[in-house]
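**Q** You'll find run.pdb just under this line, and it carries PDB, C-alpha atoms.
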MODEL        1
ATOM      1  CA  MET A   1       5.408  12.482  16.225
ATOM      2  CA  LYS A   2       3.945   8.967  15.987
ATOM      3  CA  ASN A   3       6.317   8.011  13.185
ATOM      4  CA  LEU A   4       9.248   9.471  15.096
ATOM      5  CA  LEU A   5       8.393   7.321  18.116
ATOM      6  CA  ARG A   6       8.070   4.224  15.941
ATOM      7  CA  LEU A   7      11.416   5.038  14.340
ATOM      8  CA  LEU A   8      13.009   5.357  17.771
ATOM      9  CA  VAL A   9      11.475   2.037  18.851
ATOM     10  CA  SER A  10      12.862   0.341  15.728
ATOM     11  CA  ALA A  11      16.309   1.809  16.365
ATOM     12  CA  LEU A  12      16.214   0.735  20.015
ATOM     13  CA  LEU A  13      15.114  -2.799  19.109
ATOM     14  CA  LEU A  14      17.891  -3.129  16.531
ATOM     15  CA  ILE A  15      20.464  -1.872  19.030
ATOM     16  CA  LEU A  16      19.276  -4.435  21.578
ATOM     17  CA  LEU A  17      19.241  -7.148  18.907
ATOM     18  CA  PHE A  18      22.791  -6.485  17.774
ATOM     19  CA  THR A  19      24.032  -6.010  21.342
ATOM     20  CA  PHE A  20      22.547  -8.945  23.217
ATOM     21  CA  VAL A  21      21.425 -11.449  20.566
ATOM     22  CA  VAL A  22      23.735 -11.372  17.549
ATOM     23  CA  ASP A  23      26.986  -9.780  16.476
ATOM     24  CA  VAL A  24      27.048  -7.499  13.432
ATOM     25  CA  GLN A  25      30.145  -9.198  12.055
ATOM     26  CA  GLN A  26      28.532 -12.629  12.373
ATOM     27  CA  VAL A  27      25.458 -11.420  10.487
ATOM     28  CA  TRP A  28      27.649  -9.894   7.774
ATOM     29  CA  TYR A  29      29.627 -13.126   7.494
ATOM     30  CA  SER A  30      26.372 -15.077   7.160
ATOM     31  CA  LEU A  31      25.189 -12.720   4.414
ATOM     32  CA  ARG A  32      28.411 -13.201   2.462
ATOM     33  CA  LYS A  33      27.884 -16.973   2.511
ATOM     34  CA  VAL A  34      24.668 -16.835   0.464
ATOM     35  CA  GLN A  35      25.167 -18.588  -2.868
ATOM     36  CA  LEU A  36      24.088 -16.493  -5.855
ATOM     37  CA  GLU A  37      21.760 -19.110  -7.334
ATOM     38  CA  TYR A  38      19.776 -19.300  -4.095
ATOM     39  CA  LEU A  39      19.750 -15.510  -3.804
ATOM     40  CA  PHE A  40      18.379 -15.188  -7.336
ATOM     41  CA  ALA A  41      15.734 -17.851  -6.662
ATOM     42  CA  ALA A  42      14.699 -15.980  -3.511
ATOM     43  CA  LEU A  43      14.417 -12.787  -5.571
ATOM     44  CA  LEU A  44      12.096 -14.528  -8.043
ATOM     45  CA  VAL A  45       9.889 -15.853  -5.231
ATOM     46  CA  THR A  46       9.736 -12.376  -3.688
ATOM     47  CA  GLY A  47       8.638 -11.015  -7.055
ATOM     48  CA  LEU A  48       5.976 -13.717  -7.310
ATOM     49  CA  ASP A  49       4.774 -12.765  -3.841
ATOM     50  CA  ARG A  50       4.306  -9.119  -4.936
ATOM     51  CA  VAL A  51       2.478 -10.199  -8.085
ATOM     52  CA  THR A  52       0.164 -12.450  -6.073
ATOM     53  CA  MET A  53      -0.625  -9.708  -3.559
ATOM     54  CA  THR A  54      -1.366  -7.237  -6.334
ATOM     55  CA  TYR A  55      -3.537  -9.697  -8.246
ATOM     56  CA  LYS A  56      -5.576 -10.470  -5.123
ATOM     57  CA  TRP A  57      -6.290  -6.775  -4.591
ATOM     58  CA  PHE A  58      -6.945  -6.352  -8.328
ATOM     59  CA  LEU A  59      -9.731  -8.944  -8.033
ATOM     60  CA  LEU A  60     -11.398  -6.907  -5.284
ATOM     61  CA  LEU A  61     -11.595  -3.881  -7.592
ATOM     62  CA  LYS A  62     -13.692  -5.857 -10.089
ATOM     63  CA  PRO A  63     -17.123  -4.519  -8.965
ATOM     64  CA  ALA A  64     -15.909  -0.970  -9.738
ATOM     65  CA  ASN A  65     -15.883  -1.753 -13.493
ATOM     66  CA  HIS A  66     -12.525   0.000 -13.687
ATOM     67  CA  VAL A  67     -10.145   0.374 -16.605
ATOM     68  CA  LEU A  68      -7.068  -0.104 -14.442
ATOM     69  CA  SER A  69      -4.656  -2.631 -15.926
ATOM     70  CA  LEU A  70      -2.881  -5.261 -13.850
ATOM     71  CA  THR A  71       0.519  -3.748 -14.679
ATOM     72  CA  ARG A  72      -0.692  -0.314 -13.552
ATOM     73  CA  ALA A  73      -2.070  -1.864 -10.363
ATOM     74  CA  MET A  74       1.297  -3.576  -9.824
ATOM     75  CA  ALA A  75       3.116  -0.250 -10.214
ATOM     76  CA  ILE A  76       0.765   1.426  -7.727
ATOM     77  CA  TYR A  77       0.979  -1.446  -5.216
ATOM     78  CA  CYS A  78       4.778  -1.583  -5.281
ATOM     79  CA  THR A  79       5.128   2.199  -5.171
ATOM     80  CA  ALA A  80       2.854   2.413  -2.137
ATOM     81  CA  THR A  81       4.751  -0.443  -0.463
ATOM     82  CA  LEU A  82       8.117   1.169  -1.132
ATOM     83  CA  VAL A  83       7.117   4.670  -0.050
ATOM     84  CA  GLY A  84       5.190   3.498   3.008
ATOM     85  CA  THR A  85       8.020   1.229   4.133
ATOM     86  CA  VAL A  86      11.198   3.120   3.308
ATOM     87  CA  LEU A  87      10.392   6.829   3.399
ATOM     88  CA  PRO A  88       9.487   8.795   6.554
ATOM     89  CA  VAL A  89       5.977   9.815   5.507
ATOM     90  CA  THR A  90       3.136  10.324   7.982
ATOM     91  CA  VAL A  91       0.625   8.118   6.177
ATOM     92  CA  GLY A  92       0.656   4.386   5.575
ATOM     93  CA  GLY A  93       1.066   2.469   2.355
ATOM     94  CA  ASP A  94      -2.684   1.747   2.190
ATOM     95  CA  VAL A  95      -3.519   5.466   2.127
ATOM     96  CA  ILE A  96      -0.930   6.110  -0.572
ATOM     97  CA  ARG A  97      -2.249   3.173  -2.594
ATOM     98  CA  GLY A  98      -5.817   4.429  -2.233
ATOM     99  CA  VAL A  99      -4.970   7.917  -3.435
ATOM    100  CA  LEU A 100      -2.848   6.763  -6.365
ATOM    101  CA  THR A 101      -5.529   4.286  -7.480
ATOM    102  CA  THR A 102      -8.246   6.933  -7.267
ATOM    103  CA  ARG A 103      -6.134   9.285  -9.334
ATOM    104  CA  SER A 104      -5.885   6.516 -11.937
ATOM    105  CA  GLY A 105      -9.627   6.635 -12.506
ATOM    106  CA  VAL A 106     -11.125   4.178 -10.000
ATOM    107  CA  ARG A 107     -13.897   5.510  -7.763
ATOM    108  CA  GLY A 108     -12.659   6.324  -4.287
ATOM    109  CA  ASP A 109     -15.421   4.460  -2.449
ATOM    110  CA  HIS A 110     -14.631   1.229  -4.328
ATOM    111  CA  VAL A 111     -10.909   1.662  -3.651
ATOM    112  CA  ILE A 112     -11.454   2.121   0.086
ATOM    113  CA  ALA A 113     -13.837  -0.846   0.206
ATOM    114  CA  SER A 114     -11.314  -3.073  -1.591
ATOM    115  CA  ILE A 115      -8.518  -2.158   0.829
ATOM    116  CA  VAL A 116     -10.756  -2.688   3.881
ATOM    117  CA  VAL A 117     -11.865  -6.121   2.649
ATOM    118  CA  GLU A 118      -8.281  -7.004   1.692
ATOM    119  CA  ARG A 119      -7.035  -6.213   5.190
ATOM    120  CA  MET A 120      -9.957  -7.888   6.921
ATOM    121  CA  LEU A 121      -9.739 -11.187   5.032
ATOM    122  CA  GLY A 122      -5.945 -11.074   5.148
ATOM    123  CA  PHE A 123      -6.071 -10.725   8.933
ATOM    124  CA  LEU A 124      -8.422 -13.694   9.253
ATOM    125  CA  CYS A 125      -6.276 -15.916   7.007
ATOM    126  CA  VAL A 126      -3.068 -15.005   8.829
ATOM    127  CA  MET A 127      -4.655 -15.524  12.247
ATOM    128  CA  LEU A 128      -6.013 -18.908  11.166
ATOM    129  CA  LEU A 129      -2.572 -20.048  10.037
ATOM    130  CA  GLY A 130      -1.032 -18.484  13.143
ATOM    131  CA  VAL A 131      -3.275 -20.576  15.397
ATOM    132  CA  PHE A 132      -2.301 -23.720  13.491
ATOM    133  CA  SER A 133       1.375 -22.746  13.761
ATOM    134  CA  LEU A 134       1.121 -22.404  17.541
ATOM    135  CA  MET A 135      -0.635 -25.760  17.730
ATOM    136  CA  ILE A 136       2.138 -27.403  15.695
ATOM    137  CA  LEU A 137       4.885 -25.899  17.871
ATOM    138  CA  ARG A 138       3.043 -26.944  21.034
ATOM    139  CA  GLY A 139       2.440 -30.429  19.632
ATOM    140  CA  ALA A 140       6.156 -30.745  18.877
ATOM    141  CA  HIS A 141       6.888 -29.672  22.484
ATOM    142  CA  LEU A 142       8.968 -26.744  21.225
ATOM    143  CA  LEU A 143       6.811 -24.296  23.185
ATOM    144  CA  SER A 144       5.890 -24.736  26.825
ATOM    145  CA  ALA A 145       2.387 -24.751  28.311
ATOM    146  CA  LYS A 146       2.646 -21.047  29.203
ATOM    147  CA  TYR A 147       2.029 -20.262  25.512
ATOM    148  CA  ASP A 148      -1.431 -21.844  25.723
ATOM    149  CA  VAL A 149      -2.689 -18.397  26.748
ATOM    150  CA  VAL A 150      -1.341 -16.958  23.479
ATOM    151  CA  LEU A 151      -3.001 -19.811  21.577
ATOM    152  CA  LEU A 152      -6.317 -19.091  23.289
ATOM    153  CA  LEU A 153      -6.046 -15.368  22.528
ATOM    154  CA  GLY A 154      -5.299 -16.203  18.896
ATOM    155  CA  MET A 155      -8.427 -18.351  18.675
ATOM    156  CA  ILE A 156     -10.508 -15.605  20.264
ATOM    157  CA  ALA A 157      -9.075 -13.013  17.853
ATOM    158  CA  PHE A 158      -9.869 -15.197  14.852
ATOM    159  CA  CYS A 159     -13.416 -16.011  15.966
ATOM    160  CA  GLY A 160     -14.087 -12.378  16.891
ATOM    161  CA  GLY A 161     -12.709 -11.151  13.582
ATOM    162  CA  ALA A 162     -14.792 -13.682  11.651
ATOM    163  CA  ALA A 163     -17.945 -12.615  13.509
ATOM    164  CA  ILE A 164     -17.261  -8.933  12.757
ATOM    165  CA  ALA A 165     -16.594  -9.735   9.095
ATOM    166  CA  VAL A 166     -19.914 -11.577   8.745
ATOM    167  CA  ALA A 167     -21.834  -8.835  10.572
ATOM    168  CA  SER A 168     -20.240  -6.087   8.477
ATOM    169  CA  PHE A 169     -21.832  -7.485   5.309
ATOM    170  CA  ASN A 170     -25.302  -7.295   6.865
ATOM    171  CA  THR A 171     -27.493  -4.973   4.781
ATOM    172  CA  ARG A 172     -29.094  -3.521   7.922
ATOM    173  CA  ALA A 173     -25.962  -1.451   8.501
ATOM    174  CA  LEU A 174     -26.784   0.674   5.447
ATOM    175  CA  GLN A 175     -30.286   1.225   6.774
ATOM    176  CA  TRP A 176     -28.804   2.469  10.038
ATOM    177  CA  VAL A 177     -26.735   5.000   8.117
ATOM    178  CA  LYS A 178     -29.835   6.200   6.253
ATOM    179  CA  ALA A 179     -31.756   6.442   9.533
ATOM    180  CA  LEU A 180     -29.310   8.841  11.192
ATOM    181  CA  PRO A 181     -31.010  11.724  13.070
ATOM    182  CA  GLY A 182     -31.900  15.026  11.449
ATOM    183  CA  PRO A 183     -28.609  16.988  11.443
ATOM    184  CA  PHE A 184     -26.770  14.032   9.893
ATOM    185  CA  ARG A 185     -29.419  12.882   7.435
ATOM    186  CA  GLY A 186     -28.581  14.027   3.916
ATOM    187  CA  SER A 187     -25.295  15.560   5.031
ATOM    188  CA  LYS A 188     -22.126  15.293   2.982
ATOM    189  CA  LEU A 189     -20.683  12.816   5.483
ATOM    190  CA  THR A 190     -23.799  10.636   5.346
ATOM    191  CA  ARG A 191     -23.768  10.576   1.538
ATOM    192  CA  ARG A 192     -20.120   9.506   1.590
ATOM    193  CA  LEU A 193     -20.906   6.772   4.099
ATOM    194  CA  GLU A 194     -23.770   5.547   1.921
ATOM    195  CA  ARG A 195     -21.553   5.392  -1.184
ATOM    196  CA  LEU A 196     -18.804   3.612   0.745
ATOM    197  CA  TRP A 197     -21.201   1.123   2.326
ATOM    198  CA  THR A 198     -22.857   0.441  -1.020
ATOM    199  CA  ALA A 199     -19.465  -0.288  -2.605
ATOM    200  CA  TYR A 200     -18.540  -2.451   0.383
ATOM    201  CA  HIS A 201     -21.701  -4.541   0.035
ATOM    202  CA  GLN A 202     -21.312  -4.814  -3.723
ATOM    203  CA  LEU A 203     -17.941  -6.355  -3.036
ATOM    204  CA  GLY A 204     -19.364  -8.534  -0.270
ATOM    205  CA  ALA A 205     -21.887  -9.955  -2.721
ATOM    206  CA  GLN A 206     -19.041 -11.318  -4.868
ATOM    207  CA  ARG A 207     -18.815 -14.562  -2.879
ATOM    208  CA  GLU A 208     -16.770 -16.437  -5.479
ATOM    209  CA  THR A 209     -14.286 -13.569  -5.706
ATOM    210  CA  LEU A 210     -13.929 -13.382  -1.923
ATOM    211  CA  GLY A 211     -13.492 -17.153  -1.712
ATOM    212  CA  PHE A 212     -10.819 -17.148  -4.412
ATOM    213  CA  PHE A 213      -9.127 -14.177  -2.707
ATOM    214  CA  SER A 214      -9.043 -16.030   0.622
ATOM    215  CA  ALA A 215      -7.621 -19.168  -1.017
ATOM    216  CA  LEU A 216      -4.900 -17.116  -2.722
ATOM    217  CA  THR A 217      -4.127 -15.400   0.575
ATOM    218  CA  LEU A 218      -3.617 -18.740   2.313
ATOM    219  CA  VAL A 219      -1.328 -19.941  -0.481
ATOM    220  CA  GLU A 220       0.530 -16.642  -0.633
ATOM    221  CA  GLN A 221       1.552 -16.936   3.046
ATOM    222  CA  PHE A 222       3.890 -19.773   2.049
ATOM    223  CA  LEU A 223       5.915 -17.616  -0.369
ATOM    224  CA  PRO A 224       7.825 -15.609   2.286
ATOM    225  CA  GLY A 225       8.592 -18.923   3.972
ATOM    226  CA  LEU A 226       9.987 -20.262   0.700
ATOM    227  CA  THR A 227      12.090 -17.111   0.313
ATOM    228  CA  THR A 228      13.542 -17.502   3.806
ATOM    229  CA  TRP A 229      14.162 -21.221   3.245
ATOM    230  CA  LEU A 230      16.079 -20.460   0.044
ATOM    231  CA  LEU A 231      18.191 -17.821   1.778
ATOM    232  CA  LEU A 232      19.026 -20.144   4.681
ATOM    233  CA  LYS A 233      19.752 -22.956   2.235
ATOM    234  CA  GLY A 234      22.069 -20.613   0.362
ATOM    235  CA  MET A 235      23.945 -19.999   3.621
ATOM    236  CA  GLY A 236      24.343 -23.726   4.113
ATOM    237  CA  VAL A 237      21.749 -23.944   6.899
ATOM    238  CA  GLU A 238      19.379 -26.908   6.996
ATOM    239  CA  VAL A 239      16.038 -26.262   8.698
ATOM    240  CA  ASN A 240      12.763 -28.144   8.952
ATOM    241  CA  ALA A 241      10.392 -26.488   6.442
ATOM    242  CA  VAL A 242       7.307 -26.868   8.662
ATOM    243  CA  LEU A 243       8.989 -25.346  11.704
ATOM    244  CA  LEU A 244      10.395 -22.549   9.529
ATOM    245  CA  PHE A 245       6.954 -21.708   8.191
ATOM    246  CA  CYS A 246       5.440 -21.692  11.692
ATOM    247  CA  ALA A 247       8.202 -19.466  13.050
ATOM    248  CA  LEU A 248       7.999 -17.074  10.115
ATOM    249  CA  LEU A 249       4.223 -16.729  10.283
ATOM    250  CA  LEU A 250       4.242 -16.016  14.013
ATOM    251  CA  SER A 251       7.008 -13.453  13.436
ATOM    252  CA  VAL A 252       4.876 -11.740  10.773
ATOM    253  CA  ILE A 253       1.928 -11.545  13.185
ATOM    254  CA  ALA A 254       4.152 -10.063  15.910
ATOM    255  CA  ALA A 255       5.612  -7.556  13.434
ATOM    256  CA  ARG A 256       2.120  -6.206  12.704
ATOM    257  CA  LEU A 257       2.000  -4.599  16.135
ATOM    258  CA  PRO A 258       2.008  -0.837  15.369
ATOM    259  CA  VAL A 259       5.004  -0.002  17.536
ATOM    260  CA  SER A 260       7.876   0.115  15.021
ATOM    261  CA  ILE A 261       8.492   1.003  11.381
ATOM    262  CA  ASP A 262       7.256  -1.946   9.291
ATOM    263  CA  GLY A 263       7.905  -4.248  12.259
ATOM    264  CA  LEU A 264      11.642  -3.553  12.003
ATOM    265  CA  GLY A 265      13.410  -5.108  14.974
ATOM    266  CA  ILE A 266      10.337  -7.043  16.128
ATOM    267  CA  PHE A 267      10.240  -9.385  13.134
ATOM    268  CA  GLU A 268      13.974 -10.086  13.260
ATOM    269  CA  GLY A 269      14.008 -10.669  17.020
ATOM    270  CA  VAL A 270      10.983 -12.980  17.135
ATOM    271  CA  LEU A 271      12.196 -14.954  14.111
ATOM    272  CA  ALA A 272      15.635 -15.428  15.668
ATOM    273  CA  ALA A 273      14.088 -16.614  18.940
ATOM    274  CA  LEU A 274      11.692 -19.066  17.285
ATOM    275  CA  LEU A 275      14.204 -20.491  14.810
ATOM    276  CA  GLN A 276      16.547 -21.222  17.693
ATOM    277  CA  LEU A 277      13.958 -23.859  18.611
ATOM    278  CA  ALA A 278      14.840 -25.466  15.268
ATOM    279  CA  SER A 279      18.580 -25.211  16.051
ATOM    280  CA  VAL A 280      19.198 -22.266  13.683
ATOM    281  CA  ALA A 281      21.796 -19.809  14.975
ATOM    282  CA  PRO A 282      20.402 -16.245  15.445
ATOM    283  CA  GLU A 283      22.899 -14.674  13.044
ATOM    284  CA  TYR A 284      21.508 -16.753  10.185
ATOM    285  CA  SER A 285      17.912 -15.889  11.060
ATOM    286  CA  VAL A 286      18.654 -12.159  11.251
ATOM    287  CA  ALA A 287      20.695 -12.281   8.046
ATOM    288  CA  ALA A 288      17.827 -14.005   6.208
ATOM    289  CA  ALA A 289      15.264 -11.534   7.580
ATOM    290  CA  LEU A 290      17.293  -8.468   6.561
ATOM    291  CA  THR A 291      18.009  -9.944   3.134
ATOM    292  CA  GLY A 292      14.298 -10.595   2.658
ATOM    293  CA  ARG A 293      13.599  -6.916   3.339
ATOM    294  CA  ALA A 294      16.269  -5.907   0.837
ATOM    295  CA  LEU A 295      14.828  -8.228  -1.826
ATOM    296  CA  GLN A 296      11.385  -6.672  -1.358
ATOM    297  CA  ILE A 297      12.861  -3.218  -1.970
ATOM    298  CA  ILE A 298      14.724  -4.486  -5.045
ATOM    299  CA  VAL A 299      11.503  -5.958  -6.456
ATOM    300  CA  CYS A 300       9.511  -2.768  -5.835
ATOM    301  CA  LEU A 301      12.104  -0.316  -7.211
ATOM    302  CA  PRO A 302      11.588  -1.034 -10.960
ATOM    303  CA  TRP A 303       7.824  -0.624 -10.550
ATOM    304  CA  TRP A 304       8.370   2.653  -8.725
ATOM    305  CA  PHE A 305      10.586   3.874 -11.575
ATOM    306  CA  ALA A 306       7.916   2.817 -14.081
ATOM    307  CA  PHE A 307       5.219   4.617 -12.106
ATOM    308  CA  THR A 308       7.159   7.876 -11.804
ATOM    309  CA  ARG A 309       8.100   7.727 -15.475
ATOM    310  CA  ASN A 310       4.446   7.517 -16.532
ATOM    311  CA  SER A 311       2.884   9.705 -13.830
ATOM    312  CA  GLY A 312       5.695  12.059 -12.885
ATOM    313  CA  PRO A 313       7.650  12.328  -9.609
ATOM    314  CA  LEU A 314       5.775  11.537  -6.424
ATOM    315  CA  ASP A 315       5.857  14.497  -4.043
ATOM    316  CA  VAL A 316       6.569  12.771  -0.729
ATOM    317  CA  ARG A 317       6.163  16.010   1.259
ATOM    318  CA  SER A 318       2.492  16.283   0.286
ATOM    319  CA  LEU A 319       1.545  12.663   1.026
ATOM    320  CA  SER A 320       0.249  13.506   4.483
ATOM    321  CA  GLU A 321      -2.359  15.765   2.867
ATOM    322  CA  LEU A 322      -3.629  13.184   0.385
ATOM    323  CA  THR A 323      -7.199  11.947   0.662
ATOM    324  CA  PRO A 324      -9.046   9.691  -1.777
ATOM    325  CA  THR A 325     -11.677  11.423  -3.883
ATOM    326  CA  THR A 326     -14.423  10.036  -6.037
ATOM    327  CA  ALA A 327     -14.373  10.151  -9.789
ATOM    328  CA  LYS A 328     -17.183  12.699  -9.677
ATOM    329  CA  SER A 329     -15.224  15.125  -7.515
ATOM    330  CA  ARG A 330     -12.235  14.886  -9.819
ATOM    331  CA  ARG A 331     -14.364  15.857 -12.803
ATOM    332  CA  GLN A 332     -15.612  18.862 -10.889
TER     333      GLN A 332
ENDMDL
END
Just dump the structure as structure tokens.
**A**
Amino acid sequence: MKNLLRLLVSALLLILLFTFVVDVQQVWYSLRKVQLEYLFAALLVTGLDRVTMTYKWFLLLKPANHVLSLTRAMAIYCTATLVGTVLPVTVGGDVIRGVLTTRSGVRGDHVIASIVVERMLGFLCVMLLGVFSLMILRGAHLLSAKYDVVLLLGMIAFCGGAAIAVASFNTRALQWVKALPGPFRGSKLTRRLERLWTAYHQLGAQRETLGFFSALTLVEQFLPGLTTWLLLKGMGVEVNAVLLFCALLLSVIAARLPVSIDGLGIFEGVLAALLQLASVAPEYSVAAALTGRALQIIVCLPWWFAFTRNSGPLDVRSLSELTPTTAKSRRQ
């Protein structure tokens, strides 16, 4: 039901977008203007973006002492992205990625911990850059003073998230789990929580790894901006690179609101509105956004084929029943 509602919201947003903001024919005409060399360059950057995202997550699996190869991790990451984005399954890409990684021999508690840390640090890095983007747009007088409230909320979200991240690595939390009252102490749920928290703190102790991950995350945020710049350049549109990056990053943050499928309709609408501040016509913005989505699918498809060839077809109908298991439970 939740996915159906999000699908309906995406459809409604796209209808509104193509009714009141842009014309379908204008978007199609803009797409046809893209020069092949720029399109190919954008495809390469999109591929580099996927590799970077996979490698960052691969680093977080290091404390698990796993035997998972980077190419296998890439196949799992792209398969989870493709299935979670394109197909109407009832679980997200992170759940699919967790299950597939566990089935590849990595302990489930370490997999869950890596995904939690990945999302937490990714959120903080994106929010930090989002705050700077709002400050740049305000400083350039492209946004009015009424957006100062949004800027303040962004600062609060970043500071709150950073405080939670620091507190979550406090070793006292594990002691609280162990000190649960009688009915919970020693229960199956408590033992799972202890294993998960232990894996989480093992990862938290890897300060150099987390620092390198955060640095890569900050750098990686520029790759989608480069992709969009190449696509607009290929359409013959000149746009200020700084303003483009700010608009794109704020659009990504808006698209993370869990109200539509993969932010479909939200991302395109916000990007078109913000790039109008840089004198970019909405049809070009929407065309670049939709092409970027298509390039991501094109990049992920070969890895999905490679995964299914080595592991067999992925039963999409059973994905909603998948839950990560530990290596011990698989042996049993």
**Q** Carefully work through the PyMOL selection byres ((chain A and resi 65) around 12) for this structure and note down the residues it includes, as a tab-separated table (two decimals) with C-alpha atoms, keeping the file's coordinate frame.
**A**
chain	number	residue	atom	x	y	z
A	58	PHE	CA	-6.94	-6.35	-8.33
A	59	LEU	CA	-9.73	-8.94	-8.03
A	60	LEU	CA	-11.40	-6.91	-5.28
A	61	LEU	CA	-11.60	-3.88	-7.59
A	62	LYS	CA	-13.69	-5.86	-10.09
A	63	PRO	CA	-17.12	-4.52	-8.96
A	64	ALA	CA	-15.91	-0.97	-9.74
A	66	HIS	CA	-12.52	0.00	-13.69
A	67	VAL	CA	-10.14	0.37	-16.60
A	68	LEU	CA	-7.07	-0.10	-14.44
A	69	SER	CA	-4.66	-2.63	-15.93
A	105	GLY	CA	-9.63	6.64	-12.51
A	106	VAL	CA	-11.12	4.18	-10.00
A	107	ARG	CA	-13.90	5.51	-7.76
A	110	HIS	CA	-14.63	1.23	-4.33
A	111	VAL	CA	-10.91	1.66	-3.65
A	199	ALA	CA	-19.46	-0.29	-2.60
A	202	GLN	CA	-21.31	-4.81	-3.72
A	203	LEU	CA	-17.94	-6.36	-3.04
**Q** Using the chain letters and numbers from this file, what does the PyMOL selection byres ((chain A and resi 47) around 12) select? Give the answer as an NGL selection string.
**A** :A and (40-46 or 48-54 or 74 or 78 or 220 or 223-224 or 227 or 292 or 295-303)
**Q** I need the residue nearest Ala272 in chain A from this list: A:Asn240, A:Thr291, A:Ser260, A:Ser285. Use only C-alpha atoms for the distance.
**A** A:Ser285
**Q** Residues within 12 Å of Asn170 in chain A, please, as a ChimeraX atom specification. Count all atoms listed in the file; anything in the same chain fewer than 5 positions from it doesn't count.
**A** /A:163-165,175-176,197-198,200-202,204-205
**Q** With only C-alpha atoms as the basis for distance, which of A:Glu283, A:Asp109, A:Glu208, A:Asp148 is at the shortest distance from Arg191 in chain A?
**A**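 Residue with the minimum atom-to-atom distance to Arg191 in chain A: A:Asp109.
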**Q** Could you please determine the separation between CA of Ile115 in chain A and CA of Val95 in chain A in Å, to one decimal place?
**A** 9.2 Å
**Q** Using Å and a single decimal, report how far CA of Leu128 in chain A sits from CA of Ala157 in chain A.
**A**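 Interatomic distance here is 9.4 Å.
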**Q** List as number ranges by chain the protein and nucleic acid residues near range 274-277 of chain A, meaning an atom at most 8 Å away when all atoms listed in the file are counted, but skip any in the same chain fewer than 2 places from it.
**A** A: 142, 243-244, 247, 270-272, 279-282, 285
**Q** Using CA of Phe132 in chain A and CA of Leu216 in chain A as the two end points, give the distance in Å to one decimal.
**A** 17.7 Å
**Q** Applied to this file, what does the PyMOL selection byres ((chain A and resi 18) around 12) return in terms of residues, put as a PyMOL selection string?
**A** chain A and resi 11-17+19-28+265+268-269+272+282-283+286-287
**Q** Need to verify the contact set: range 81-85 of chain A, 8 Å, only C-alpha atoms, exclusion of same-chain residues closer than 6 positions in sequence. Can you return it as a ChimeraX atom specification?
**A** /A:91-93,96,261-262,297,300-301,304
**Q** Please provide the set of residues having any atom within 12 Å of Phe212 in chain A, restricted to all atoms listed in the file, with same-chain residues fewer than 2 positions apart removed, written as number ranges by chain.
**A** A: 55-57, 59-60, 121, 206-210, 214-220
**Q** For range 129-140 of chain A, what centre and edge lengths in Å (one decimal) does the axis-aligned box get once 3 Å is added on each side of all its listed atoms, as JSON?
**A**
{"center_x": 1.4, "center_y": -24.6, "center_z": 15.5, "size_x": 15.4, "size_y": 18.3, "size_z": 17.0}
**Q** When you count all atoms listed in the file, which of these residues is closest to Ser104 in chain A: A:Ser168, A:Ile76, A:Leu31, A:Met235?
**A**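 Counting all atoms listed in the file, the residue closest to Ser104 in chain A is A:Ile76.
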**Q** Select, from A:Tyr77, A:Trp229, A:Tyr38, A:Phe123, the residue with the minimum atom-to-atom distance to Ala289 in chain A, counting all atoms listed in the file.
**A**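 Of all the options, A:Trp229 lies closest to Ala289 in chain A.
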**Q** Give me range 192-201 of chain A with N, CA and C atoms filled in, as a compact mmCIF listing (two decimals), in the frame of the given file.
**A**
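The resulting part11.txt:
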# COMPACT_ATOMS: atom_id res chain seq x y z
N ARG A 192 -21.37 10.24 1.79
CA ARG A 192 -20.12 9.51 1.59
C ARG A 192 -20.18 8.13 2.23
N LEU A 193 -20.78 8.06 3.43
CA LEU A 193 -20.91 6.77 4.10
C LEU A 193 -21.80 5.83 3.30
N GLU A 194 -22.87 6.37 2.73
CA GLU A 194 -23.77 5.55 1.92
C GLU A 194 -23.06 5.00 0.69
N ARG A 195 -22.28 5.85 0.00
CA ARG A 195 -21.55 5.39 -1.18
C ARG A 195 -20.52 4.34 -0.80
N LEU A 196 -19.82 4.57 0.31
CA LEU A 196 -18.80 3.61 0.74
C LEU A 196 -19.45 2.29 1.14
N TRP A 197 -20.55 2.36 1.88
CA TRP A 197 -21.20 1.12 2.33
C TRP A 197 -21.80 0.36 1.16
N THR A 198 -22.32 1.10 0.17
CA THR A 198 -22.86 0.44 -1.02
C THR A 198 -21.75 -0.30 -1.77
N ALA A 199 -20.60 0.36 -1.94
CA ALA A 199 -19.46 -0.29 -2.60
C ALA A 199 -18.98 -1.48 -1.81
N TYR A 200 -18.98 -1.36 -0.49
CA TYR A 200 -18.54 -2.45 0.38
C TYR A 200 -19.46 -3.67 0.23
N HIS A 201 -20.76 -3.43 0.16
CA HIS A 201 -21.70 -4.54 0.04
C HIS A 201 -21.73 -5.10 -1.38
